[in-house]
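Novice: Let me begin by handing over the structure; questions about it come next.
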Amino acid sequence: MAFAANLRRRLLGEPIPNSRAHHERLIIPVGLAVFASDALSSVAYSTDEVMHALARSGPEALQITFPVALAIAVLMAIVVFSYRQTITAYPKGGGTYIVSSQNLGQTPGLVAGASLMADYVLTVAVSVSSGVAAVVSMAPGVQPYGVPLALTFIAFLTLMNLRGLKESGLAFTGPTYIFVGLALALIVTALIQGLGRPAEPVSAAAHTGSSALTFLVLLRAFAAACTAMTGTEAIADGVQAFREPAAKNANRALLLMAVLLMVLFVGISWSAVHFGLSPMRIEDPGFKTIMAQLAERLWGIGPGFYALQIFTAGILFLAANTAFADFPRVTSFLARDKFLPRSLASQGDRLVFQNGVVLLAVTAAILVFAFQADTHLLVPLYAVGVFMCFTLSQSGMARKLWNEDRRGQSMISGFGALVTFIVAGILLVTKAPEGAWIILVTVALMVLVFRFIRRHYDSIDSQLRSAEPAVSPTSSVVVIVVPRLHRSVREAIDYARLMGGDVRGVHVGLSDAGREALRADWNSCGPDLPLIVLDSPYRSLIGPILEYVDQLRKDEPNAAITVIVPQAVPRNPWQKLLHADAGRALVRELGERRGVVVTSLRYFFDDQPATA
């Protein structure tokens, strides 16, 4: 146990007292790295997804990538404005789940909570898988090891977040800002080289289709572009992670995130179109992402190219940290409201909701393994839940502001809710053939699970609050389990005498010689106490005692029955192999009996050498 505790301290750090909780809150630059890395990292793959959708209609259709990016920038401005109102109205945090629950009702709140949880799991899976794609763009030989690489980084993120939010934020701030700086430098280079020159045609190596550019294709491209908005709600969900004034700092971080995201997404999209780039799939020979192709075109294969790829992979891996920061908070809110196990609402000694961190890591790892770390397969599942959250959050804010007689602001949130509802519908229709319906089924099942858990907790609370008087026991029976007569059993006898009532010993006899020897020893130390010797035809030590206690409960239904079980505790872990541990199993089985109190009387071995 000491070894395990030492290892835990080395991996996770020393416990943080409650008095230092305010020191663990984040300043704006660190908070931006923690909560905005998901949104900022989406520029590494969102342009690829838009171009994949448009490429079905041939090279000329790729020209529409830039207008689609502009449309997403407008949509993002609407959503961000609504979330700024949410942060102001809920300065103690809560985000989508709290807003939906308090203003729209329990069911919309549960749908929002389930959507958020699904979204954050997908955030980890998509971000880590995209990071693998960036690594493959730089080092094609890594391609066969994509899944192990993704799982390894999920484990690393889990460890860092178990150490604490502030510590993980400080570790990830550098890579986030270096990526942003390199991406801005790439866009500036593209502007310098591209402005004033005609756009280049799509490269001959482009893998494009030849179908007509239909309205449905445009909708698919727009739906693909919506992946750029994933993570926009994260800051609103984690307001209390910022230093005071928390709401003001969170709003500033949200605005800064939105500006950076719009500049990066629109800039990368314009550059890709202007320089005639086209999307590739990860299985294609010489695969490179759009950003990698752009860096190669503008900077060549050199230090700039490799630096961008390294930090693109870095922020894509670290983008999952947004989910690690927010998923445990969302599950803690649901657990607090008794829709998830209460263990998810408790903070560990590092002021982290550690059970939520572990739950997220395990679920995301399963998803990465199931989809073999393929971003293109995961992305269709991604944005539907996000826009469901946007719609519910903005609808909740519209209702709240309307009830507060702030009609102008309410209409803005209402307009945002309408727009995001339409977008959610577009996403669902266009991505249904690719599996987007799975999210709806998953959310529905999660809501059913939430209600099942809540009914269980309500039932327990009702039983505990019951005003019906309990039946008071009229007598006491104390049963001492006697494996053999030694010091611990003698201590149990003395302890039982203090309790009073009917005290008796129970021994399971496996041999005639053992029974007679124990009877003789028992008469020498407790002649006034009866010793019941039970037969065990199948050589079980536990079964006969359980049967005896069950029969005793039937014979004396009004008796308070206490069973004292001596348990040996070796000094060192390896010594457990040398001792039968029937006591532990017996305590567990007896603990499931109604009306039986189990007392474990432990005796410790000092591991001293025997003396002659």
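In the structure tokens, the first chain shown is A, the next is B, and so on; residue numbers restart at 1 for each chain, and ligands run from 1 in the order shown.
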Can you tell me which residues surround A:Ala155 at a distance of at most 10 Å, considering only C-alpha atoms, apart from same-chain residues fewer than 3 positions away, and format the answer as a list in words?

Specialist: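 So the residues in contact are Ala150, Leu151, Thr152, Thr158, Leu159, Met160, Val358, Ala361, Val362 and Ala365 of chain A.
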
Novice: How would the residues just chosen look if you wrote them out with all heavy atoms as a PDB file, in the first residue's frame?

Specialist:
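What landed in part-v3.pdb:
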ATOM      1  N   ALA A 150      -2.161   6.921 -30.966  1.00  0.00           N
ATOM      2  CA  ALA A 150      -3.323   7.657 -30.448  1.00  0.00           C
ATOM      3  C   ALA A 150      -3.647   7.235 -29.021  1.00  0.00           C
ATOM      4  O   ALA A 150      -3.901   8.071 -28.148  1.00  0.00           O
ATOM      5  CB  ALA A 150      -4.530   7.422 -31.360  1.00  0.00           C
ATOM      6  N   LEU A 151      -3.631   5.942 -28.748  1.00  0.00           N
ATOM      7  CA  LEU A 151      -3.940   5.448 -27.398  1.00  0.00           C
ATOM      8  C   LEU A 151      -2.888   5.888 -26.395  1.00  0.00           C
ATOM      9  O   LEU A 151      -3.203   6.210 -25.240  1.00  0.00           O
ATOM     10  CB  LEU A 151      -4.054   3.919 -27.425  1.00  0.00           C
ATOM     11  CG  LEU A 151      -5.192   3.345 -28.278  1.00  0.00           C
ATOM     12  CD1 LEU A 151      -5.163   1.824 -28.247  1.00  0.00           C
ATOM     13  CD2 LEU A 151      -6.543   3.854 -27.776  1.00  0.00           C
ATOM     14  N   THR A 152      -1.641   5.927 -26.828  1.00  0.00           N
ATOM     15  CA  THR A 152      -0.568   6.382 -25.933  1.00  0.00           C
ATOM     16  C   THR A 152      -0.777   7.834 -25.534  1.00  0.00           C
ATOM     17  O   THR A 152      -0.593   8.207 -24.368  1.00  0.00           O
ATOM     18  CB  THR A 152       0.807   6.219 -26.620  1.00  0.00           C
ATOM     19  OG1 THR A 152       1.008   4.843 -26.927  1.00  0.00           O
ATOM     20  CG2 THR A 152       1.933   6.708 -25.718  1.00  0.00           C
ATOM     21  N   THR A 158      -4.495  11.842 -19.951  1.00  0.00           N
ATOM     22  CA  THR A 158      -5.161  11.430 -18.714  1.00  0.00           C
ATOM     23  C   THR A 158      -4.263  11.697 -17.511  1.00  0.00           C
ATOM     24  O   THR A 158      -4.697  12.263 -16.496  1.00  0.00           O
ATOM     25  CB  THR A 158      -5.523   9.935 -18.775  1.00  0.00           C
ATOM     26  OG1 THR A 158      -6.332   9.699 -19.928  1.00  0.00           O
ATOM     27  CG2 THR A 158      -6.273   9.500 -17.529  1.00  0.00           C
ATOM     28  N   LEU A 159      -3.011  11.304 -17.624  1.00  0.00           N
ATOM     29  CA  LEU A 159      -2.070  11.514 -16.530  1.00  0.00           C
ATOM     30  C   LEU A 159      -1.905  12.990 -16.217  1.00  0.00           C
ATOM     31  O   LEU A 159      -1.949  13.410 -15.050  1.00  0.00           O
ATOM     32  CB  LEU A 159      -0.719  10.890 -16.893  1.00  0.00           C
ATOM     33  CG  LEU A 159       0.421  11.114 -15.885  1.00  0.00           C
ATOM     34  CD1 LEU A 159       0.079  10.493 -14.542  1.00  0.00           C
ATOM     35  CD2 LEU A 159       1.725  10.536 -16.421  1.00  0.00           C
ATOM     36  N   MET A 160      -1.739  13.815 -17.251  1.00  0.00           N
ATOM     37  CA  MET A 160      -1.528  15.245 -17.033  1.00  0.00           C
ATOM     38  C   MET A 160      -2.743  15.887 -16.375  1.00  0.00           C
ATOM     39  O   MET A 160      -2.616  16.747 -15.499  1.00  0.00           O
ATOM     40  CB  MET A 160      -1.225  15.945 -18.356  1.00  0.00           C
ATOM     41  CG  MET A 160       0.123  15.601 -18.951  1.00  0.00           C
ATOM     42  SD  MET A 160       1.505  15.993 -17.834  1.00  0.00           S
ATOM     43  CE  MET A 160       1.332  17.777 -17.682  1.00  0.00           C
ATOM     44  N   VAL A 358     -11.082   9.773 -15.924  1.00  0.00           N
ATOM     45  CA  VAL A 358     -10.854   8.364 -16.282  1.00  0.00           C
ATOM     46  C   VAL A 358     -11.966   7.844 -17.187  1.00  0.00           C
ATOM     47  O   VAL A 358     -11.707   7.141 -18.169  1.00  0.00           O
ATOM     48  CB  VAL A 358     -10.729   7.503 -15.010  1.00  0.00           C
ATOM     49  CG1 VAL A 358     -10.649   6.023 -15.366  1.00  0.00           C
ATOM     50  CG2 VAL A 358      -9.507   7.922 -14.200  1.00  0.00           C
ATOM     51  N   ALA A 361     -11.372   9.122 -20.701  1.00  0.00           N
ATOM     52  CA  ALA A 361     -10.221   8.473 -21.335  1.00  0.00           C
ATOM     53  C   ALA A 361     -10.576   7.079 -21.836  1.00  0.00           C
ATOM     54  O   ALA A 361     -10.255   6.712 -22.979  1.00  0.00           O
ATOM     55  CB  ALA A 361      -9.059   8.402 -20.346  1.00  0.00           C
ATOM     56  N   VAL A 362     -11.255   6.309 -21.014  1.00  0.00           N
ATOM     57  CA  VAL A 362     -11.607   4.935 -21.395  1.00  0.00           C
ATOM     58  C   VAL A 362     -12.574   4.934 -22.581  1.00  0.00           C
ATOM     59  O   VAL A 362     -12.397   4.187 -23.557  1.00  0.00           O
ATOM     60  CB  VAL A 362     -12.218   4.191 -20.194  1.00  0.00           C
ATOM     61  CG1 VAL A 362     -12.779   2.838 -20.629  1.00  0.00           C
ATOM     62  CG2 VAL A 362     -11.171   3.997 -19.103  1.00  0.00           C
ATOM     63  N   ALA A 365     -10.811   6.057 -25.797  1.00  0.00           N
ATOM     64  CA  ALA A 365      -9.886   5.022 -26.273  1.00  0.00           C
ATOM     65  C   ALA A 365     -10.635   3.918 -27.008  1.00  0.00           C
ATOM     66  O   ALA A 365     -10.180   3.426 -28.050  1.00  0.00           O
ATOM     67  CB  ALA A 365      -9.109   4.442 -25.088  1.00  0.00           C
TER      68      ALA A 365
END

Novice: Using only C-alpha atoms, which of A:Leu219, A:Met229, A:Leu485, A:Val68 sits nearest A:Ala520?

Specialist: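 Ranking A:Leu219, A:Met229, A:Leu485, A:Val68 by distance to A:Ala520, first place goes to A:Leu485.
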
Novice: Of the candidates A:Ala225, A:Ile235, A:Ala36, A:Ala444, which shows the shortest atom-to-atom distance to A:Asn249, using only C-alpha atoms?

Specialist: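 Of A:Ala225, A:Ile235, A:Ala36, A:Ala444, the one nearest A:Asn249 is A:Ile235, counting only C-alpha atoms.
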
Novice: Using only C-alpha atoms, which residues sit within 12 Å of A:Glu516 once same-chain residues fewer than 6 positions away are excluded, as JSON, numbers by chain?

Specialist: {"A": [484, 507, 509, 510, 522, 523, 531, 533]}

Novice: Using the chain letters and numbers from this document, which residues of stretch 208-396 of chain A does DSSP assign to helix (DSSP H, G or I), as a PyMOL selection string?

Specialist: chain A and resi 215-229+234-237+239-241+246-274+290-299+303-336+342-345+354-370+375-396

Novice: Can you tell me which residues surround A:Val180 at a distance of at most 12 Å, considering only C-alpha atoms, apart from same-chain residues fewer than 6 positions away, and format the answer as a PyMOL selection string?

Specialist: chain A and resi 32-33+36-37+39-44+173-174+186-187+257+259-261+263-265+307-308+311-312+314-316

Novice: Just write the chosen residues, N, CA and C atoms, as a PDB file, in the first residue's frame.

Specialist:
ATOM      1  N   LEU A  32      -7.150  30.105 -22.161  1.00  0.00           N
ATOM      2  CA  LEU A  32      -7.361  29.993 -23.606  1.00  0.00           C
ATOM      3  C   LEU A  32      -6.731  28.711 -24.138  1.00  0.00           C
ATOM      4  N   ALA A  33      -5.539  28.376 -23.656  1.00  0.00           N
ATOM      5  CA  ALA A  33      -4.869  27.151 -24.091  1.00  0.00           C
ATOM      6  C   ALA A  33      -5.638  25.914 -23.658  1.00  0.00           C
ATOM      7  N   ALA A  36      -9.644  26.476 -25.363  1.00  0.00           N
ATOM      8  CA  ALA A  36      -9.829  26.831 -26.778  1.00  0.00           C
ATOM      9  C   ALA A  36      -8.980  25.991 -27.717  1.00  0.00           C
ATOM     10  N   SER A  37      -8.165  25.099 -27.177  1.00  0.00           N
ATOM     11  CA  SER A  37      -7.307  24.305 -28.061  1.00  0.00           C
ATOM     12  C   SER A  37      -8.127  23.437 -29.006  1.00  0.00           C
ATOM     13  N   ALA A  39     -11.168  24.199 -30.342  1.00  0.00           N
ATOM     14  CA  ALA A  39     -11.663  25.057 -31.423  1.00  0.00           C
ATOM     15  C   ALA A  39     -10.525  25.485 -32.349  1.00  0.00           C
ATOM     16  N   LEU A  40      -9.409  25.919 -31.778  1.00  0.00           N
ATOM     17  CA  LEU A  40      -8.294  26.408 -32.594  1.00  0.00           C
ATOM     18  C   LEU A  40      -7.689  25.288 -33.437  1.00  0.00           C
ATOM     19  N   SER A  41      -7.642  24.096 -32.880  1.00  0.00           N
ATOM     20  CA  SER A  41      -7.029  22.988 -33.616  1.00  0.00           C
ATOM     21  C   SER A  41      -7.876  22.545 -34.798  1.00  0.00           C
ATOM     22  N   SER A  42      -9.174  22.879 -34.787  1.00  0.00           N
ATOM     23  CA  SER A  42     -10.053  22.407 -35.856  1.00  0.00           C
ATOM     24  C   SER A  42      -9.645  22.952 -37.222  1.00  0.00           C
ATOM     25  N   VAL A  43      -8.881  24.054 -37.244  1.00  0.00           N
ATOM     26  CA  VAL A  43      -8.440  24.586 -38.540  1.00  0.00           C
ATOM     27  C   VAL A  43      -7.484  23.618 -39.233  1.00  0.00           C
ATOM     28  N   ALA A  44      -6.930  22.670 -38.481  1.00  0.00           N
ATOM     29  CA  ALA A  44      -6.000  21.708 -39.082  1.00  0.00           C
ATOM     30  C   ALA A  44      -6.714  20.666 -39.926  1.00  0.00           C
ATOM     31  N   THR A 173       0.282  25.287 -22.789  1.00  0.00           N
ATOM     32  CA  THR A 173       0.188  26.660 -23.286  1.00  0.00           C
ATOM     33  C   THR A 173       1.183  26.927 -24.406  1.00  0.00           C
ATOM     34  N   GLY A 174       2.438  26.516 -24.208  1.00  0.00           N
ATOM     35  CA  GLY A 174       3.480  26.762 -25.209  1.00  0.00           C
ATOM     36  C   GLY A 174       3.141  26.208 -26.575  1.00  0.00           C
ATOM     37  N   LEU A 186       1.947  31.274 -41.737  1.00  0.00           N
ATOM     38  CA  LEU A 186       1.641  30.608 -43.002  1.00  0.00           C
ATOM     39  C   LEU A 186       0.634  31.423 -43.805  1.00  0.00           C
ATOM     40  N   ILE A 187      -0.382  31.943 -43.111  1.00  0.00           N
ATOM     41  CA  ILE A 187      -1.404  32.745 -43.796  1.00  0.00           C
ATOM     42  C   ILE A 187      -0.809  34.044 -44.322  1.00  0.00           C
ATOM     43  N   MET A 257     -10.666  33.796 -28.563  1.00  0.00           N
ATOM     44  CA  MET A 257     -10.727  32.516 -29.264  1.00  0.00           C
ATOM     45  C   MET A 257     -11.476  32.656 -30.590  1.00  0.00           C
ATOM     46  N   VAL A 259     -11.994  35.326 -32.506  1.00  0.00           N
ATOM     47  CA  VAL A 259     -11.246  36.108 -33.506  1.00  0.00           C
ATOM     48  C   VAL A 259     -10.142  35.257 -34.123  1.00  0.00           C
ATOM     49  N   LEU A 260      -9.369  34.578 -33.272  1.00  0.00           N
ATOM     50  CA  LEU A 260      -8.288  33.736 -33.782  1.00  0.00           C
ATOM     51  C   LEU A 260      -8.837  32.631 -34.683  1.00  0.00           C
ATOM     52  N   LEU A 261      -9.912  31.999 -34.252  1.00  0.00           N
ATOM     53  CA  LEU A 261     -10.464  30.884 -35.022  1.00  0.00           C
ATOM     54  C   LEU A 261     -10.963  31.342 -36.387  1.00  0.00           C
ATOM     55  N   VAL A 263     -10.029  34.013 -38.120  1.00  0.00           N
ATOM     56  CA  VAL A 263      -8.890  34.410 -38.955  1.00  0.00           C
ATOM     57  C   VAL A 263      -8.178  33.182 -39.506  1.00  0.00           C
ATOM     58  N   LEU A 264      -7.941  32.186 -38.655  1.00  0.00           N
ATOM     59  CA  LEU A 264      -7.207  31.000 -39.088  1.00  0.00           C
ATOM     60  C   LEU A 264      -8.010  30.184 -40.102  1.00  0.00           C
ATOM     61  N   PHE A 265      -9.285  29.936 -39.815  1.00  0.00           N
ATOM     62  CA  PHE A 265     -10.085  29.098 -40.712  1.00  0.00           C
ATOM     63  C   PHE A 265     -10.290  29.773 -42.073  1.00  0.00           C
ATOM     64  N   ALA A 307       8.429  22.248 -38.468  1.00  0.00           N
ATOM     65  CA  ALA A 307       7.958  22.897 -37.239  1.00  0.00           C
ATOM     66  C   ALA A 307       6.431  22.982 -37.233  1.00  0.00           C
ATOM     67  N   LEU A 308       5.843  23.366 -38.388  1.00  0.00           N
ATOM     68  CA  LEU A 308       4.382  23.460 -38.449  1.00  0.00           C
ATOM     69  C   LEU A 308       3.741  22.096 -38.229  1.00  0.00           C
ATOM     70  N   PHE A 311       4.003  21.036 -34.475  1.00  0.00           N
ATOM     71  CA  PHE A 311       3.106  21.748 -33.566  1.00  0.00           C
ATOM     72  C   PHE A 311       1.640  21.601 -33.964  1.00  0.00           C
ATOM     73  N   THR A 312       1.382  21.282 -35.254  1.00  0.00           N
ATOM     74  CA  THR A 312       0.009  20.939 -35.635  1.00  0.00           C
ATOM     75  C   THR A 312      -0.384  19.634 -34.971  1.00  0.00           C
ATOM     76  N   GLY A 314       0.948  18.509 -32.349  1.00  0.00           N
ATOM     77  CA  GLY A 314       0.887  18.805 -30.908  1.00  0.00           C
ATOM     78  C   GLY A 314      -0.446  19.392 -30.489  1.00  0.00           C
ATOM     79  N   ILE A 315      -0.921  20.412 -31.214  1.00  0.00           N
ATOM     80  CA  ILE A 315      -2.180  21.045 -30.780  1.00  0.00           C
ATOM     81  C   ILE A 315      -3.372  20.133 -31.054  1.00  0.00           C
ATOM     82  N   LEU A 316      -3.273  19.283 -32.090  1.00  0.00           N
ATOM     83  CA  LEU A 316      -4.363  18.341 -32.323  1.00  0.00           C
ATOM     84  C   LEU A 316      -4.447  17.325 -31.186  1.00  0.00           C
TER      85      LEU A 316
END

Novice: In Å, rounded to a single decimal, give me how far atom CA of A:Ala313 is from atom CA of A:Ala134.

Specialist: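 Distance between the two atoms: 5.2 Å.
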
Novice: Give me the residues within 8 Å of A:Pro91 as an MDAnalysis selection string, counting only C-alpha atoms and dropping any in the same chain fewer than 4 places off.

Specialist: chainID A and resid 87 239:240 246:247

Novice: Could you save the residues just selected, with N, CA, C and O atoms, as a PDB file, in the first residue's frame?

Specialist:
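Just written: result08.pdb:
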ATOM      1  N   ILE A  87     -22.393  33.531 -20.371  1.00  0.00           N
ATOM      2  CA  ILE A  87     -21.364  33.716 -19.345  1.00  0.00           C
ATOM      3  C   ILE A  87     -21.756  34.843 -18.403  1.00  0.00           C
ATOM      4  O   ILE A  87     -21.591  34.746 -17.175  1.00  0.00           O
ATOM      5  N   VAL A 239     -16.466  28.397 -16.812  1.00  0.00           N
ATOM      6  CA  VAL A 239     -16.215  29.767 -16.319  1.00  0.00           C
ATOM      7  C   VAL A 239     -15.458  29.764 -14.995  1.00  0.00           C
ATOM      8  O   VAL A 239     -14.530  30.549 -14.776  1.00  0.00           O
ATOM      9  N   GLN A 240     -15.856  28.859 -14.091  1.00  0.00           N
ATOM     10  CA  GLN A 240     -15.270  28.869 -12.752  1.00  0.00           C
ATOM     11  C   GLN A 240     -13.815  28.413 -12.717  1.00  0.00           C
ATOM     12  O   GLN A 240     -13.177  28.465 -11.665  1.00  0.00           O
ATOM     13  N   ALA A 246     -14.195  35.954 -12.743  1.00  0.00           N
ATOM     14  CA  ALA A 246     -14.230  34.792 -13.631  1.00  0.00           C
ATOM     15  C   ALA A 246     -15.037  35.058 -14.901  1.00  0.00           C
ATOM     16  O   ALA A 246     -14.595  34.726 -16.011  1.00  0.00           O
ATOM     17  N   ALA A 247     -16.231  35.647 -14.759  1.00  0.00           N
ATOM     18  CA  ALA A 247     -17.083  35.868 -15.933  1.00  0.00           C
ATOM     19  C   ALA A 247     -16.418  36.826 -16.918  1.00  0.00           C
ATOM     20  O   ALA A 247     -16.449  36.606 -18.143  1.00  0.00           O
TER      21      ALA A 247
END
